Structures are given as structure tokens and as C-alpha cells.
Amino acid sequence: MSEAIINKIKQLKEKHNAVILAHNYVAPELQDIADVLGDSLQLSIEASKLGAPVIVFCGVSFMAETAKILSPESKVLLPVRSAGCPMADMATAEAVAEFRRTHPEHVLVAYVNSTAAVKAEVDICCTSANAEKIVASIPADKKIMFLPDRNLGRNVAKTLNREMDFWPGYCPIHNAITVQDVEAIKNENPGMEFLVHPECTPEVVALADKAMSTGGMLKYIRESDKNGFIVGTECGIMHRLQIENPTKTIIPFKPTPTCVDMKKIGLADVLACLESLEDNAQSVATPFEVVLDEELMDKARKPIERMLAFK
Ligand code: SF4
């Protein structure tokens, strides 16, 4: 059954010159058919370089929005439109604009895990990989509001020994990793390196050997001469880690961190969204298409470009 679906996906992909992007957290079968696999920003940057007329984004809505902002000429399809991010939704554009109005002295730094409408309200974006570098670039006498992830913000502030204000948002998946569970899994697996994502609380990060982005974890484990790792992030990353490191022992955190939104898309959804192109003229939006206002995209692109200038 899945083989038949995969073959149809391949045919339609070729017919419509589409590329499939998949985030490291989505279901393994989607990772296996993806043209590009990576973290959200990396995927959007790669997609903008490919210049494909159709981009199928297997991830959640803020990621597909970022792909659209960086590839405005492409048709960007999100196979399940309800795949969202609870953390991104914790900062609304209205609330961020109100903060800006009442706190004009603050520099607003937004984690890329935020909606396009929120990005349009801020000064600069960051990823979990470059957040320290971005914050460190802001003059010390400037006040900073870091949003929407208070955990990433607190971890950056701690490393840089910098006072900042934090939006009260968090990733429910990483925030649920507790100190007690970390101590338990470390005790059960002595000698293994414990890696966490900086969306975890500072208390959990303090117990880790390393805190890094998903891209950082993939690179670190690939290049490490160590053999045993406990991975404190969303379980979808295990698929790629195990393929890339067949001789290493890599175990997921327990209880297994699983993002329901990241698992909403299946192969049948990818096929359905490619089939929707068959019924629609290129100029008509399919129900899967990410459609953003031009002016909003122009505003949201600026903080992303400011961040990219740091590379
Ligand atoms: S893992 Fe967390 S940050 Fe990522 S999409 Fe799910 S809720 Fe959002």
C-alpha cells in the first residue's frame, strides 16, 4: 500500500517539479521520501536555493510560512493545514505589537518558531543554533524581549550572563522533560552522553553534557568518537540518527518526547496535496496552499534577513 502511494507521489512530484521538504521530527516514512531533510530554517533556505515552483513542506505551519516568505514565487503546500505549533501560538501578533508599543526601548528577538505575523512585528530572528550569537550582537545597553520561547531565552541569557525579558511561551514537548526523568535515565545509562535541546528548561540543560539544536546533535553524534548517547529532544530525530550512525548506541529520552503536530502528516496527506495540483490551475490556491499577504511577507522577511546576515 505505501509503496503504491510512494510511487504516485514520485510521479506527481516529477510532473509538477515539486520538492518535498521534511523536518527532522516528522514521521520516518516522510523523512525517507524527502528531497531535503533538516531543521526548519535550513529547509527554507535550501528550498529558496532550489527555486522549485512547488514546495511540499512536511512540518508545521510556521515552517511552511517561513518557506513561503523565503520563496515567495513558489507554491508552498502544507499537507495538513492544522499542523501547528503550540509554542508559536503562545505569542500572537497583536500581543507582540502591543508590547512593542508600550516598550519602545526593547529590541524584539523572535525565535524562528513563531508565526509570520509575529515575525513581521520584531527586529531580528534567531534559531536555537545561533540565538547566542544574535543576542550577543545587540549592544549591552539595549533591553531585549526574547520570544516566544522563555526556555531558549533563559538558556541564552544564562550562557551570556545577560539580563533579558522573556515571553511566557514554551514548547510543551521539551518543557515536559523533567529533572527527575533526566536523573533517572542518566542513572540507568551510566557513561552515555546526554544531549538536550535548548527548548528544555535551564534546570534540565544544566544536567546535560551538551545543549544543541537538532542540526547540532546530528553533526555532533556523526563526528563524535564516543559511542553512547541519550537524546533529549523530539523522538522523530531518532530515525535519521540511527541511519547515519549504525554502530553507535543512541537512545531516545523516556518518557518519549512526541509532538502530536509534527506527526499529523502521513504519506496519504502528501499524495492528496500533490493530487490537488491536478485539479487546480497554477494560479488558483489549493486548500493546502500557504497564502500570505505580500506586505506581511515583506515585513516578516526583514528580521529573517537580518539574522541570515550573521552567517
Ligand atoms: S516540538 Fe515544540 S516547538 Fe516543535 S512544533 Fe512541536 S510544540 Fe512546536
# chains A, B, ... in the order shown; residues from 1 in each chain; ligands from 1
>>> residues_around(residues="A:Arg154", least_positions_apart="2", cutoff="10 Å", atoms="only C-alpha atoms", output="list in words")
Phe146, Asp149, Arg150, Asn151, Leu152, Val156, Ala157, Lys158, Thr159, Leu160, Asn161, Arg162, Glu163, Met164, Asp165, Phe166, Pro198, Glu199, Cys200, Thr201 and Pro202 of chain A
>>> select_by_dssp(residues="stretch 50-167 of chain A", states="strand (DSSP E)", output="PyMOL selection string")
chain A and resi 54-58+75-77+106-111+124-126+143-147+165-166
>>> closest_atom_pairs(of="chain A", to="ligand 1", cutoff="8 Å", atoms="only C-alpha atoms and all ligand atoms", output="Markdown table")
| residue | atom | partner | partner_atom_place_in_ligand_line | distance |
| --- | --- | --- | --- | --- |
| A:Tyr25 | CA | ligand 1 | 1 (S) | 7.6 |
| A:Gly59 | CA | ligand 1 | 5 (S) | 7.7 |
| A:Val60 | CA | ligand 1 | 5 (S) | 6.1 |
| A:Gly84 | CA | ligand 1 | 5 (S) | 6.6 |
| A:Cys85 | CA | ligand 1 | 8 (Fe) | 3.9 |
| A:Pro86 | CA | ligand 1 | 7 (S) | 5.0 |
| A:Met87 | CA | ligand 1 | 8 (Fe) | 5.2 |
| A:Ala88 | CA | ligand 1 | 8 (Fe) | 6.5 |
| A:Asn113 | CA | ligand 1 | 3 (S) | 6.4 |
| A:Tyr170 | CA | ligand 1 | 3 (S) | 7.7 |
| A:Cys171 | CA | ligand 1 | 2 (Fe) | 4.2 |
| A:Pro172 | CA | ligand 1 | 7 (S) | 5.7 |
| A:Ile173 | CA | ligand 1 | 2 (Fe) | 5.3 |
| A:His174 | CA | ligand 1 | 2 (Fe) | 6.5 |
| A:Glu199 | CA | ligand 1 | 3 (S) | 7.8 |
| A:Glu234 | CA | ligand 1 | 1 (S) | 6.1 |
| A:Thr258 | CA | ligand 1 | 1 (S) | 7.4 |
| A:Cys259 | CA | ligand 1 | 6 (Fe) | 4.6 |
| A:Val260 | CA | ligand 1 | 6 (Fe) | 7.0 |
| A:Asp261 | CA | ligand 1 | 6 (Fe) | 6.0 |
| A:Met262 | CA | ligand 1 | 6 (Fe) | 6.0 |
>>> write_last_selection(atoms="C-alpha atoms", output="short mmCIF file (atom, residue, chain, number, x, y, z; two decimals), in the first residue's frame")
data_model
loop_
_atom_site.label_atom_id
_atom_site.label_comp_id
_atom_site.auth_asym_id
_atom_site.auth_seq_id
_atom_site.Cartn_x
_atom_site.Cartn_y
_atom_site.Cartn_z
CA TYR A 25 10.81 15.47 13.70
CA GLY A 59 6.37 20.04 9.18
CA VAL A 60 4.17 22.59 10.93
CA GLY A 84 0.59 23.96 14.06
CA CYS A 85 2.94 24.72 16.90
CA PRO A 86 1.51 25.35 20.37
CA MET A 87 4.59 27.37 21.30
CA ALA A 88 4.35 29.64 18.25
CA ASN A 113 9.43 29.11 15.81
CA TYR A 170 7.39 27.35 25.82
CA CYS A 171 7.43 24.15 23.80
CA PRO A 172 5.15 21.75 25.70
CA ILE A 173 7.21 18.80 24.47
CA HIS A 174 10.62 19.99 25.65
CA GLU A 199 13.97 24.46 24.42
CA GLU A 234 11.51 15.13 19.93
CA THR A 258 6.49 13.28 20.95
CA CYS A 259 5.00 16.31 19.23
CA VAL A 260 1.48 15.46 18.04
CA ASP A 261 1.53 18.26 15.47
CA MET A 262 4.77 17.01 13.93
#
>>> closest_residue(among="A:Ala27, A:Ala22, A:Val135, A:Glu14", to="A:His239", atoms="only C-alpha atoms")
A:Ala27
>>> closest_residue(among="A:Asp35, A:Glu94, A:Asp279, A:Glu29", to="A:Asn17", atoms="only C-alpha atoms")
A:Asp35
>>> select_by_dssp(residues="stretch 95-289 of chain A", states="helix (DSSP H, G or I)", output="JSON, numbers by chain")
{"A": [95, 96, 97, 98, 99, 100, 101, 102, 116, 117, 118, 119, 131, 132, 133, 134, 135, 136, 150, 151, 152, 153, 154, 155, 156, 157, 158, 159, 160, 172, 173, 174, 175, 179, 180, 181, 182, 183, 184, 185, 186, 187, 188, 202, 203, 204, 205, 214, 215, 216, 217, 218, 219, 220, 221, 222, 223, 237, 238, 239, 240, 241, 242, 243, 244, 261, 262, 263, 267, 268, 269, 270, 271, 272, 273, 274, 275, 276, 277, 278, 279]}
>>> residues_around(residues="stretch 62-78 of chain A", least_positions_apart="2", cutoff="8 Å", atoms="only C-alpha atoms", output="ChimeraX atom specification")
/A:40-41,43-45,47-48,51-60,80-81,84-85,88,113-116,273,288-290,292,297-298,300-301
>>> residues_around(residues="A:Val36", least_positions_apart="2", cutoff="8 Å", atoms="only C-alpha atoms", output="PyMOL selection string")
chain A and resi 19-22+34+38+43+46
>>> atom_distance(atom1="atom CA of A:Lys186", atom2="atom CA of A:Lys219")
22.1 Å
>>> closest_residue(among="A:Asn189, A:Ser61, A:Asn7, A:Thr178", to="A:His23", atoms="only C-alpha atoms")
A:Ser61
>>> residues_around(residues="A:Lys254", least_positions_apart="2", cutoff="8 Å", atoms="only C-alpha atoms", output="PyMOL selection string")
chain A and resi 181+185+252+256-257
>>> write_last_selection(atoms="N, CA and C atoms", output="mmCIF file, in the first residue's frame")
data_model
loop_
_atom_site.group_PDB
_atom_site.id
_atom_site.type_symbol
_atom_site.label_atom_id
_atom_site.label_comp_id
_atom_site.auth_asym_id
_atom_site.auth_seq_id
_atom_site.Cartn_x
_atom_site.Cartn_y
_atom_site.Cartn_z
ATOM 1 N N ASP A 181 13.185 12.925 35.601
ATOM 2 C CA ASP A 181 13.312 11.962 34.494
ATOM 3 C C ASP A 181 14.743 11.944 33.950
ATOM 4 N N ILE A 185 17.101 8.561 33.839
ATOM 5 C CA ILE A 185 17.653 7.960 32.602
ATOM 6 C C ILE A 185 19.183 7.982 32.636
ATOM 7 N N PRO A 252 16.407 7.243 22.802
ATOM 8 C CA PRO A 252 15.564 8.430 22.999
ATOM 9 C C PRO A 252 15.327 8.661 24.486
ATOM 10 N N THR A 256 9.068 9.252 26.126
ATOM 11 C CA THR A 256 9.464 9.689 24.798
ATOM 12 C C THR A 256 8.819 11.028 24.408
ATOM 13 N N PRO A 257 9.639 12.057 24.168
ATOM 14 C CA PRO A 257 9.061 13.349 23.766
ATOM 15 C C PRO A 257 8.475 13.264 22.348
#
>>> atom_distance(atom1="atom CA of A:Arg101", atom2="atom CA of A:Pro139")
20.9 Å
>>> residues_around(residues="A:Phe310", least_positions_apart="4", cutoff="9 Å", atoms="only C-alpha atoms", output="PyMOL selection string")
chain A and resi 130+133-134+305-306
>>> residues_around(residues="A:Val179", least_positions_apart="5", cutoff="8 Å", atoms="only C-alpha atoms", output="ChimeraX atom specification")
/A:203-204,207
>>> write_last_selection(atoms="all heavy atoms", output="PDB file, in the first residue's frame")
ATOM      1  N   GLU A 203      17.089  24.188  34.123  1.00  0.00           N
ATOM      2  CA  GLU A 203      17.411  23.173  35.135  1.00  0.00           C
ATOM      3  C   GLU A 203      17.780  21.853  34.456  1.00  0.00           C
ATOM      4  O   GLU A 203      18.690  21.149  34.905  1.00  0.00           O
ATOM      5  CB  GLU A 203      16.208  22.964  36.082  1.00  0.00           C
ATOM      6  CG  GLU A 203      15.862  24.175  36.944  1.00  0.00           C
ATOM      7  CD  GLU A 203      15.156  25.316  36.174  1.00  0.00           C
ATOM      8  OE1 GLU A 203      14.573  25.058  35.107  1.00  0.00           O
ATOM      9  OE2 GLU A 203      15.229  26.465  36.650  1.00  0.00           O
ATOM     10  N   VAL A 204      17.074  21.516  33.379  1.00  0.00           N
ATOM     11  CA  VAL A 204      17.381  20.286  32.629  1.00  0.00           C
ATOM     12  C   VAL A 204      18.671  20.478  31.830  1.00  0.00           C
ATOM     13  O   VAL A 204      19.546  19.598  31.815  1.00  0.00           O
ATOM     14  CB  VAL A 204      16.183  19.914  31.700  1.00  0.00           C
ATOM     15  CG1 VAL A 204      16.596  18.916  30.620  1.00  0.00           C
ATOM     16  CG2 VAL A 204      15.053  19.345  32.538  1.00  0.00           C
ATOM     17  N   LEU A 207      21.866  19.791  33.550  1.00  0.00           N
ATOM     18  CA  LEU A 207      22.244  18.386  33.785  1.00  0.00           C
ATOM     19  C   LEU A 207      22.787  17.702  32.526  1.00  0.00           C
ATOM     20  O   LEU A 207      23.195  16.548  32.558  1.00  0.00           O
ATOM     21  CB  LEU A 207      21.025  17.593  34.277  1.00  0.00           C
ATOM     22  CG  LEU A 207      20.459  18.019  35.633  1.00  0.00           C
ATOM     23  CD1 LEU A 207      19.171  17.261  35.917  1.00  0.00           C
ATOM     24  CD2 LEU A 207      21.482  17.758  36.740  1.00  0.00           C
TER      25      LEU A 207
END
